[in-house]
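Here's the structure, in structure tokens; my notes come after.
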Amino acid sequence: MSLEEFKDRNIGTQNYRMLDLGESPKSGMEKFKQVVERSVKLELFTGLKVTFREMYKALFKKNMHTVKYPFEKMPIAPRYRAIHQMKRLLESGHYRCIGCGLCEKICIANCIRIDTRYDENQRKEVSEYTINFGRCIFCGYCAEVCPELAIVHGGRYETSSEQRASFSTLEDMLTPLEQLAEQSEFPGFGAISPNADENVKKTPLAY
Amino acid sequence: MDGYIIGTIIKAILVLAIISALAGFGTYIERKVLAFMQRRYGPMHVGPYGLLQIAADGIKLFTKEDFIPSGANRLIFMFAPIITAATAFIALAAVPLLPEFKLFGMTVRAIVADLNIGILFILGMMAAGLYGPLLAGMAQRNKWGLIGAARTAVQFLSYEVVTGLSMLAPIMIVGSLSLIDFNNYQSGGMGEWLIWKQPLAFILFLIAGFAETNRTPFDLLEHEAEIVAGYATEYSGMRWGMFFIGEYANMITIGFIAAIVFLGGFNSWGFLPGGLAIVLKVSLFFFLMLWVRASWPHVRPDQMMWLCWKVLMPLAVINVTLTGLWMMV
């Protein structure tokens with residue numbers, strides 16, 4: 001089915017195919033004939049056969065449908081966007097966030113709070129960064145507006161916890177330093193191009 | 001005489017204990033079989049393969065609050081589940097569960113009371129058990145319960161005729177109402193089984209048995225999708241558990257009757273000893289009930305009445321007439 005066809009919501013203009021169910025019986029004799037026909041043809045036992053076949057397949061062919069969830073997990077879709085992640089710079093390991101506050105500004109649920117200060121080198125550093133996940137609607141604006149690709153949505157969807165504040169501080173969301181090598185980026189619009197390194201030019205001193 | 005009384009009491013207690021344990025185990029089997037037929041695992045976390053789930057459910061049922069809704073008729077409300085559970089076990093008193101066996105040098109007959117009207121007693125007791133849902137539904141002051149009670153009456157009136165008439169033909173052939181006599185009549189091996197002489201009666205009895213135990217094609221009494229839980233809507237805890245145990249005990253009873261009357265009872269079957277044979281046959285019927293529940297949809301009340309009065313009852317009457325003619329010739 002093409003996308004246009006799929007999006008067509010004008011009910012009644014499509015070509016529906018009617019199921020061939022036959023005429024429903026009208027007179028008593030026809031009803032009786034239908035009952036006899038169905039009894040003699042043993043239609044009921046088709047149902048029994050189906051369930052027994054499924055049981056056989058489930059038990060002996062390992063065709064169980066159940067995912068034993070906490071022990072087994074389904075792969076999530078690549079475009080799934082769940083709890084936020086804060087990314088780090090690959091070389092230095094420092095967090096990418098520059099404290100510009102755009103995410104706080106654009107957040108329509110007003111759930112991001114960011115606080116910055118000067119550090120000892122008179123550089124801006126992020127002193128507080130929290131997301132109130134009770135309010136977050138996962139619209140993705142913060143990830144979209146971030147100029148440094150510092151905040152993105154990750155794939156973490158198991159968000160039950162003992163505390164409301166879980167998952168939501170900067171330390172929780174930052175990539176752990178020892179996993180820096182596995183830190184990955186989402187492909188697509190807004191992502192770093194594969195040849196990003198080549199495109200970086202030294203700023204001329206005369207600039 | 002004293003020995004007889006003591007023996008009977010011991011047997012009664014054993015039957016009560018074993019069958020109620022089996023009824024609990026039956027719920028586990030039902031959940032497992034239904035799960036497998038839907039490609040699920042069923043209970044599997046409490047104990048090995050989920051076997052202790054029964055114990056967990058039992059503890060839950062026992063410790064639940066004994067709740068009686070305001071406006072209910074308290075006495076009848078409290079009494080109704082006992083009727084269902086008690087009649088189910090009383091019916092089992094006349095069922096020979098196993099062949100005779102020797103224990104400590106004594107010959108034990110695995111039947112609590114060998115009545116000469118055994119089958120009549122069992123069917124009567126199971127019919128009386130229907131007072132449980134009927135009274136429960138009317139006593140609880142709940143419209144779903146009331147509809148459930150009305151459906152109980154409808155179902156009861158419809159299938160009880162079929163049960164009786166379908167049983168009549170085998171009774172005519174054997175010439176006795178005792179289940180022991182039924183068993184002895186078929187002692188000559190598989191060719192002697194009454195199912196070959198009375199196939200129609202067997203099918204009719206099976207259908208009526210499904211209605212008698214409120215199993216799926218005819219479980220109008222507590223049809224979840226239509227009337228919440230029917231007669232059991234306001235019940236919880238152990239009172240509801242008694243309905244449940246009664247239903248499963250009835251399933252076992254129907255399995256025993258069908259096995260003894262039509263499938264050769266506890267005579268040894270080929271190389272199988274009699275005790276194992278009847279357990280296998282009853283298990284087969286139990287499995288059939290679960291299988292049907294997994295496969296077939298419910299019928300409407302009017303469809304069930306139509307089926308019982310316009311199809312099954314005439315067939316049963318024709319069957320009885322033909323059997324009578326065949327016996328006269």
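By order of appearance in the structure tokens: chains A, B, ..., then residues from 1 within every chain, and ligands from 1 in the order shown.
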Contact check, chain A to chain B, at most 8 Å, counting only C-alpha atoms, closest pairs as a tab-separated table:
residue	atom	partner	partner_atom	distance
A:Leu44	CA	B:Trp296	CA	7.8
A:Gly47	CA	B:Ser295	CA	5.5
A:Leu48	CA	B:Ser295	CA	5.5
A:Val50	CA	B:Ser295	CA	7.8
A:Thr51	CA	B:Met37	CA	5.3
A:Phe52	CA	B:Met37	CA	6.5
A:Glu54	CA	B:Met37	CA	5.5
A:Met55	CA	B:Met37	CA	4.3
A:Ala58	CA	B:Arg39	CA	5.3
A:Leu59	CA	B:Phe36	CA	7.0
A:Asn63	CA	B:Arg39	CA	7.1
A:Met64	CA	B:Arg39	CA	4.8
A:His65	CA	B:Arg39	CA	5.4
A:Thr66	CA	B:Arg40	CA	5.4
Atoms to include: C-alpha atoms. Write the selected residues as a PDB file, in the first residue's frame.
ATOM      1  CA  LEU A  44     -17.006 -27.088  14.420  1.00  0.00           C
ATOM      2  CA  GLY A  47     -11.901 -24.733  15.249  1.00  0.00           C
ATOM      3  CA  LEU A  48     -10.706 -27.541  17.482  1.00  0.00           C
ATOM      4  CA  VAL A  50      -6.761 -24.908  14.777  1.00  0.00           C
ATOM      5  CA  THR A  51      -6.301 -24.582  18.533  1.00  0.00           C
ATOM      6  CA  PHE A  52      -4.710 -28.012  18.787  1.00  0.00           C
ATOM      7  CA  GLU A  54      -1.344 -23.966  17.717  1.00  0.00           C
ATOM      8  CA  MET A  55      -0.750 -25.850  20.957  1.00  0.00           C
ATOM      9  CA  ALA A  58       3.799 -23.735  20.794  1.00  0.00           C
ATOM     10  CA  LEU A  59       4.921 -26.756  22.775  1.00  0.00           C
ATOM     11  CA  ASN A  63       6.586 -21.136  18.490  1.00  0.00           C
ATOM     12  CA  MET A  64       5.588 -19.326  21.687  1.00  0.00           C
ATOM     13  CA  HIS A  65       4.380 -15.806  21.214  1.00  0.00           C
ATOM     14  CA  THR A  66       5.268 -14.598  24.683  1.00  0.00           C
TER      15      THR A  66
END
Write out as JSON, numbers by chain each polymer residue whose atoms come within 6 Å of stretch 104-114 of chain B, counting only C-alpha atoms; drop sequence neighbours fewer than 6 positions from it. {"B": [8, 11, 93, 94, 96, 97, 98]}
May I have the selected residues written with N, CA and C atoms, as a compact mmCIF listing (two decimals), in the first residue's frame?
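Okay, this is what ended up in part-v5.txt:
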# COMPACT_ATOMS: atom_id res chain seq x y z
N THR B 8 -16.50 -45.92 55.35
CA THR B 8 -17.21 -44.95 54.53
C THR B 8 -16.79 -43.53 54.85
N LYS B 11 -13.42 -42.95 53.39
CA LYS B 11 -13.55 -42.77 51.94
C LYS B 11 -14.10 -41.38 51.61
N ALA B 93 -20.31 -39.04 45.62
CA ALA B 93 -20.39 -40.18 46.55
C ALA B 93 -20.81 -41.45 45.83
N ALA B 94 -21.65 -41.33 44.80
CA ALA B 94 -22.16 -42.52 44.13
C ALA B 94 -21.34 -42.88 42.90
N PRO B 96 -18.21 -44.61 41.23
CA PRO B 96 -17.05 -45.48 41.47
C PRO B 96 -15.83 -44.87 40.81
N LEU B 97 -14.86 -44.48 41.62
CA LEU B 97 -13.74 -43.72 41.08
C LEU B 97 -12.66 -44.63 40.51
N LEU B 98 -12.45 -45.78 41.14
CA LEU B 98 -11.39 -46.69 40.72
C LEU B 98 -11.92 -48.11 40.85
Give me, please, the distance in Å between atom CA of B:Thr233 and atom CA of B:Glu65, quoted to one decimal. 15.1 Å
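Across the model, the gap from atom CA of A:Gly99 to atom CA of A:Thr116 is 6.3 Å.
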Applying 9 Å and only C-alpha atoms, which residues near B:Asn319 remain after dropping the ones on its own chain fewer than 4 positions away? List them as a ChimeraX atom specification. /B:165-166,169,198,200-201,314-315,323-324
Take the residues from that selection and put them in a file with C-alpha atoms, as an mmCIF file, in the first residue's frame.
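Output below, filename result_19.cif:
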data_model
loop_
_atom_site.group_PDB
_atom_site.id
_atom_site.type_symbol
_atom_site.label_atom_id
_atom_site.label_comp_id
_atom_site.auth_asym_id
_atom_site.auth_seq_id
_atom_site.Cartn_x
_atom_site.Cartn_y
_atom_site.Cartn_z
ATOM 1 C CA LEU B 165 -33.382 -38.571 27.997
ATOM 2 C CA SER B 166 -29.910 -39.223 26.610
ATOM 3 C CA ALA B 169 -31.227 -45.279 26.375
ATOM 4 C CA GLN B 198 -25.330 -45.523 21.693
ATOM 5 C CA LEU B 200 -26.010 -40.480 19.590
ATOM 6 C CA ALA B 201 -26.718 -40.720 23.308
ATOM 7 C CA PRO B 314 -36.257 -34.648 19.672
ATOM 8 C CA LEU B 315 -33.052 -36.504 18.835
ATOM 9 C CA THR B 323 -33.520 -48.295 21.355
ATOM 10 C CA GLY B 324 -36.841 -49.535 22.706
#
Can you list every residue in stretch 90-139 of chain B that DSSP puts in strand (DSSP E or B), as a PyMOL selection string? chain B and resi 101-103+106-108
Please produce a file of the residues just selected, as a PDB file, in the first residue's frame, where the atoms kept are C-alpha atoms.
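The result, stored in selection33.pdb:
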ATOM      1  CA  PHE B 101      -8.167 -52.915  45.088  1.00  0.00           C
ATOM      2  CA  LYS B 102      -6.590 -54.624  48.080  1.00  0.00           C
ATOM      3  CA  LEU B 103      -5.142 -52.595  50.944  1.00  0.00           C
ATOM      4  CA  MET B 106      -8.884 -55.794  52.831  1.00  0.00           C
ATOM      5  CA  THR B 107     -10.758 -55.405  49.588  1.00  0.00           C
ATOM      6  CA  VAL B 108     -11.542 -51.728  49.146  1.00  0.00           C
TER       7      VAL B 108
END
Residues of stretch 23-61 of chain A classed as alpha helix (DSSP H) by DSSP on the backbone are to be reported as a PyMOL selection string. chain A and resi 28-40+43-60
Taking only C-alpha atoms into account, name the residue in B:Gly118, B:Gly71, B:Pro81, B:Gly175 that is nearest to B:Gln140.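 Distance minimum relative to B:Gln140 lands on B:Gly71.
Taking only C-alpha atoms into account, B:Leu221 lies nearest to B:His298 out of the set B:Arg141, B:Arg239, B:His298, B:Lys64.
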Write out as a PyMOL selection string each polymer residue whose atoms come within 12 Å of A:Cys107, counting only C-alpha atoms; drop sequence neighbours fewer than 4 positions from it. chain A and resi 101-103+111-114+131-132+135-146
Resulting file, chosen residues, C-alpha atoms, as a PDB file, in the first residue's frame:
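Below is the file that was written, again.pdb:
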ATOM      1  CA  GLY A 101      19.597  27.800  27.643  1.00  0.00           C
ATOM      2  CA  LEU A 102      17.787  27.344  24.327  1.00  0.00           C
ATOM      3  CA  CYS A 103      16.267  24.057  25.420  1.00  0.00           C
ATOM      4  CA  CYS A 111      10.075  21.104  32.375  1.00  0.00           C
ATOM      5  CA  ILE A 112      13.765  21.870  31.754  1.00  0.00           C
ATOM      6  CA  ARG A 113      15.682  23.912  34.304  1.00  0.00           C
ATOM      7  CA  ILE A 114      19.236  24.980  33.570  1.00  0.00           C
ATOM      8  CA  ILE A 131      14.316  17.725  33.397  1.00  0.00           C
ATOM      9  CA  ASN A 132      11.069  17.178  35.209  1.00  0.00           C
ATOM     10  CA  ARG A 135       5.904  17.233  32.876  1.00  0.00           C
ATOM     11  CA  CYS A 136       7.959  16.318  29.829  1.00  0.00           C
ATOM     12  CA  ILE A 137       5.813  15.421  26.862  1.00  0.00           C
ATOM     13  CA  PHE A 138       8.719  14.127  24.764  1.00  0.00           C
ATOM     14  CA  CYS A 139       8.020  16.560  21.960  1.00  0.00           C
ATOM     15  CA  GLY A 140      11.705  16.603  21.032  1.00  0.00           C
ATOM     16  CA  TYR A 141      12.022  20.389  20.681  1.00  0.00           C
ATOM     17  CA  CYS A 142      14.964  20.521  23.088  1.00  0.00           C
ATOM     18  CA  ALA A 143      16.883  18.003  21.004  1.00  0.00           C
ATOM     19  CA  GLU A 144      15.958  19.829  17.833  1.00  0.00           C
ATOM     20  CA  VAL A 145      16.975  23.279  19.052  1.00  0.00           C
ATOM     21  CA  CYS A 146      20.242  22.254  20.671  1.00  0.00           C
TER      22      CYS A 146
END
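For the choices B:Ser178, B:Gln53, B:Thr87, B:Asn116, the atom-to-atom distance to B:Ile245 is smallest for B:Thr87 when using only C-alpha atoms.
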Quick one: of B:Met78, B:Leu284, B:Ile252, B:Val161, who's nearest to B:Phe25, counting only C-alpha atoms?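 The answer is B:Ile252, which sits nearest to B:Phe25.
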